[in-house]
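J.: File run-v2.cif follows (mmCIF, C-alpha atoms):
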data_final
loop_
_atom_site.group_PDB
_atom_site.id
_atom_site.type_symbol
_atom_site.label_atom_id
_atom_site.label_comp_id
_atom_site.auth_asym_id
_atom_site.auth_seq_id
_atom_site.Cartn_x
_atom_site.Cartn_y
_atom_site.Cartn_z
ATOM 1 C CA GLN A 1 -15.536 5.041 -47.195
ATOM 2 C CA VAL A 2 -14.475 2.290 -44.838
ATOM 3 C CA GLN A 3 -13.007 -0.996 -46.017
ATOM 4 C CA LEU A 4 -13.001 -4.278 -44.112
ATOM 5 C CA ALA A 5 -10.747 -7.277 -44.584
ATOM 6 C CA GLU A 6 -11.110 -10.569 -42.749
ATOM 7 C CA TYR A 7 -8.385 -13.086 -42.147
ATOM 8 C CA GLY A 8 -7.593 -16.046 -39.935
ATOM 9 C CA GLY A 9 -10.067 -18.617 -41.190
ATOM 10 C CA GLY A 10 -9.124 -22.224 -41.706
ATOM 11 C CA SER A 11 -9.909 -25.811 -40.816
ATOM 12 C CA VAL A 12 -10.078 -27.183 -37.304
ATOM 13 C CA ALA A 13 -11.317 -30.323 -35.617
ATOM 14 C CA ALA A 14 -14.416 -30.266 -33.446
ATOM 15 C CA ARG A 15 -13.883 -28.798 -29.976
ATOM 16 C CA GLY A 16 -10.920 -26.848 -31.320
ATOM 17 C CA SER A 17 -10.377 -23.095 -31.385
ATOM 18 C CA LEU A 18 -9.815 -20.481 -34.044
ATOM 19 C CA LYS A 19 -9.442 -16.716 -34.009
ATOM 20 C CA ILE A 20 -10.534 -14.643 -36.947
ATOM 21 C CA SER A 21 -9.881 -10.956 -37.326
ATOM 22 C CA CYS A 22 -11.241 -7.994 -39.224
ATOM 23 C CA ILE A 23 -8.965 -5.139 -40.244
ATOM 24 C CA VAL A 24 -10.753 -1.812 -40.550
ATOM 25 C CA SER A 25 -9.427 0.977 -42.751
ATOM 26 C CA ARG A 26 -10.245 3.762 -40.293
ATOM 27 C CA SER A 27 -10.693 4.361 -36.607
ATOM 28 C CA LEU A 28 -13.111 2.017 -34.881
ATOM 29 C CA TYR A 29 -14.539 5.012 -33.068
ATOM 30 C CA SER A 30 -15.726 6.391 -36.420
ATOM 31 C CA LEU A 31 -18.020 3.370 -36.636
ATOM 32 C CA TYR A 32 -20.978 2.541 -34.460
ATOM 33 C CA TRP A 33 -21.107 -1.229 -34.624
ATOM 34 C CA VAL A 34 -18.901 -3.946 -36.059
ATOM 35 C CA GLY A 35 -20.389 -7.382 -36.382
ATOM 36 C CA TRP A 36 -19.465 -10.899 -37.359
ATOM 37 C CA PHE A 37 -21.890 -12.837 -39.501
ATOM 38 C CA ARG A 38 -21.761 -16.257 -41.076
ATOM 39 C CA GLN A 39 -23.375 -18.031 -43.956
ATOM 40 C CA ALA A 40 -23.364 -21.762 -44.544
ATOM 41 C CA PRO A 41 -24.239 -23.240 -47.953
ATOM 42 C CA GLY A 42 -27.971 -23.188 -48.527
ATOM 43 C CA ARG A 43 -28.657 -21.093 -45.446
ATOM 44 C CA GLU A 44 -29.315 -17.438 -44.800
ATOM 45 C CA ARG A 45 -26.637 -15.188 -43.414
ATOM 46 C CA GLU A 46 -26.932 -14.914 -39.653
ATOM 47 C CA GLY A 47 -25.465 -12.697 -36.991
ATOM 48 C CA VAL A 48 -22.941 -14.277 -34.652
ATOM 49 C CA ALA A 49 -21.568 -11.440 -32.544
ATOM 50 C CA ALA A 50 -21.346 -7.678 -32.671
ATOM 51 C CA ILE A 51 -19.565 -4.974 -30.749
ATOM 52 C CA TYR A 52 -20.636 -1.430 -30.024
ATOM 53 C CA THR A 53 -17.283 0.201 -30.615
ATOM 54 C CA SER A 54 -17.701 2.862 -27.979
ATOM 55 C CA PRO A 55 -17.714 1.643 -25.230
ATOM 56 C CA GLY A 56 -16.742 -1.800 -26.619
ATOM 57 C CA ILE A 57 -19.727 -3.850 -25.493
ATOM 58 C CA GLY A 58 -20.396 -7.136 -27.267
ATOM 59 C CA VAL A 59 -23.585 -9.049 -27.965
ATOM 60 C CA TYR A 60 -23.901 -12.660 -29.051
ATOM 61 C CA ALA A 61 -26.258 -15.040 -30.748
ATOM 62 C CA ASP A 62 -27.558 -17.729 -28.406
ATOM 63 C CA SER A 63 -25.920 -20.415 -30.536
ATOM 64 C CA VAL A 64 -22.423 -19.117 -29.761
ATOM 65 C CA LYS A 65 -22.852 -17.556 -26.332
ATOM 66 C CA GLY A 66 -20.195 -18.882 -23.988
ATOM 67 C CA ARG A 67 -18.060 -20.204 -26.847
ATOM 68 C CA PHE A 68 -17.277 -17.111 -28.935
ATOM 69 C CA THR A 69 -15.796 -13.823 -27.769
ATOM 70 C CA ILE A 70 -15.723 -10.611 -29.757
ATOM 71 C CA SER A 71 -13.120 -7.986 -28.934
ATOM 72 C CA GLN A 72 -11.567 -4.914 -30.436
ATOM 73 C CA ASP A 73 -8.076 -3.469 -30.656
ATOM 74 C CA VAL A 74 -8.601 0.231 -31.190
ATOM 75 C CA ALA A 75 -4.925 1.023 -31.767
ATOM 76 C CA LYS A 76 -4.623 -1.598 -34.519
ATOM 77 C CA LYS A 77 -8.126 -0.934 -35.899
ATOM 78 C CA MET A 78 -9.061 -4.557 -35.621
ATOM 79 C CA VAL A 79 -12.022 -6.570 -34.383
ATOM 80 C CA HIS A 80 -11.424 -10.167 -33.388
ATOM 81 C CA LEU A 81 -13.656 -13.174 -32.948
ATOM 82 C CA GLN A 82 -12.216 -15.855 -30.712
ATOM 83 C CA MET A 83 -14.065 -19.107 -31.321
ATOM 84 C CA ASP A 84 -13.704 -21.929 -28.825
ATOM 85 C CA ASN A 85 -15.286 -25.375 -28.623
ATOM 86 C CA LEU A 86 -16.069 -25.206 -32.317
ATOM 87 C CA GLN A 87 -18.646 -27.602 -33.683
ATOM 88 C CA PRO A 88 -19.292 -28.828 -37.236
ATOM 89 C CA GLU A 89 -22.401 -26.647 -37.370
ATOM 90 C CA ASP A 90 -20.134 -23.606 -37.029
ATOM 91 C CA THR A 91 -18.770 -24.311 -40.502
ATOM 92 C CA ALA A 92 -19.513 -21.307 -42.692
ATOM 93 C CA MET A 93 -18.118 -18.287 -44.450
ATOM 94 C CA TYR A 94 -17.618 -15.624 -41.814
ATOM 95 C CA TYR A 95 -18.080 -11.972 -42.708
ATOM 96 C CA CYS A 96 -17.176 -8.798 -40.921
ATOM 97 C CA ALA A 97 -19.586 -5.889 -41.292
ATOM 98 C CA ALA A 98 -19.721 -2.316 -40.062
ATOM 99 C CA LEU A 99 -22.413 0.246 -39.446
ATOM 100 C CA THR A 100 -20.991 3.631 -40.303
ATOM 101 C CA THR A 101 -24.052 5.752 -39.643
ATOM 102 C CA ARG A 102 -26.051 6.397 -36.489
ATOM 103 C CA PRO A 103 -28.240 3.357 -35.781
ATOM 104 C CA ALA A 104 -31.929 3.670 -36.461
ATOM 105 C CA THR A 105 -34.295 3.037 -33.572
ATOM 106 C CA THR A 106 -35.120 -0.291 -35.207
ATOM 107 C CA PHE A 107 -31.485 -1.358 -35.422
ATOM 108 C CA GLN A 108 -30.713 -4.925 -34.450
ATOM 109 C CA ALA A 109 -27.061 -5.599 -33.748
ATOM 110 C CA LEU A 110 -27.213 -9.181 -35.039
ATOM 111 C CA GLY A 111 -29.425 -8.409 -38.000
ATOM 112 C CA THR A 112 -27.901 -8.093 -41.439
ATOM 113 C CA ALA A 113 -30.211 -5.407 -42.780
ATOM 114 C CA ASP A 114 -28.667 -2.311 -41.243
ATOM 115 C CA TYR A 115 -24.977 -2.900 -41.746
ATOM 116 C CA ASN A 116 -23.786 -0.907 -44.714
ATOM 117 C CA THR A 117 -20.244 -2.132 -45.238
ATOM 118 C CA TRP A 118 -19.110 -5.738 -45.648
ATOM 119 C CA GLY A 119 -15.865 -7.609 -46.035
ATOM 120 C CA GLN A 120 -15.231 -10.445 -48.456
ATOM 121 C CA GLY A 121 -15.368 -13.203 -45.861
ATOM 122 C CA THR A 122 -13.112 -15.902 -44.498
ATOM 123 C CA GLN A 123 -13.944 -19.600 -44.502
ATOM 124 C CA VAL A 124 -14.146 -21.580 -41.268
ATOM 125 C CA THR A 125 -14.462 -25.351 -41.538
ATOM 126 C CA VAL A 126 -14.952 -27.606 -38.521
ATOM 127 C CA SER A 127 -14.595 -31.335 -38.960
ATOM 128 C CA SER A 128 -16.207 -33.901 -36.712
#
Transcribe the structure of this file into structure tokens.
T.:
Amino acid sequence: QVQLAEYGGGSVAARGSLKISCIVSRSLYSLYWVGWFRQAPGREREGVAAIYTSPGIGVYADSVKGRFTISQDVAKKMVHLQMDNLQPEDTAMYYCAALTTRPATTFQALGTADYNTWGQGTQVTVSS
């Protein structure tokens, strides 16, 4: 069973940058997808970015495209989310999630339904 742990959250002023990371308890290649999701108070959890671990291709929500970059460090078993030009609307709890089984044909990389393992989250707060 895989375990995920996020770290790196914090507070930053608008237009600032922050990098959050997810530590995975086993090889990234044993997973299919690792995604970053966020949930603000009173809102549903939404997909931000996800990476197909082999071959390491990322996908992004339109709201963060061009500002956020997902990457992986296979040797360290980590997945990072570099967040630039942060805005107050990016304030949320950010969660790392993994899909450990072969994706169904209906799988959506930025959808929450198919990911079967979740971390505890790390808070990101952006002040105006």
J.: Selection in question (the file shown): the PyMOL selection byres ((chain A and resi 90) around 8). Which residues does it include, as a ChimeraX atom specification?
T.: /A:86-89,91-92,124-126
J.: Tell me, as a list in words, which residues lie within 7 Å of range 42-48 of chain A, counting all atoms listed in the file; anything in the same chain fewer than 2 positions away does not count.
T.: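 With the cut-off at 7 Å, the set is Trp36, Phe37, Arg38, Gln39, Ala40, Tyr60, Ala61, Val64, Leu110, Gly111 and Thr112 of chain A.
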J.: Which polymer residues have any atom within 9 Å of an atom of range 82-84 of chain A, counting all atoms listed in the file, with same-chain residues fewer than 6 positions away left out, as a VMD selection string?
T.: chain A and resid 15 to 21 64 66 to 71
J.: Which residue out of A:Ala113, A:Leu99, A:Cys22, A:Ala5 has the minimum interatomic distance to Met78 in chain A when all atoms listed in the file are used?
T.: A:Cys22
J.: What separation in Å, quoted to one decimal, exists between CA of Tyr52 in chain A and CA of Val12 in chain A?
T.: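 Between CA of Tyr52 in chain A and CA of Val12 in chain A the gap is 28.8 Å.
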J.: For CA of Ala97 in chain A and CA of Tyr115 in chain A, quote the distance in Å rounded to one decimal.
T.: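 CA of Tyr115 in chain A lies at a distance of 6.2 Å from CA of Ala97 in chain A.
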J.: Looking at A:Phe107, A:Leu31, A:Cys96, A:Ser127, which one is nearest to Val79 in chain A, with distances taken over all atoms listed in the file?
T.: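 With all atoms listed in the file as the atom set, the closest residue is A:Cys96.
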J.: Write out as a VMD selection string which residues come within 8 Å of Tyr29 in chain A when counting all atoms listed in the file, dropping same-chain ones fewer than 5 positions away.
T.: chain A and resid 53 to 54 74
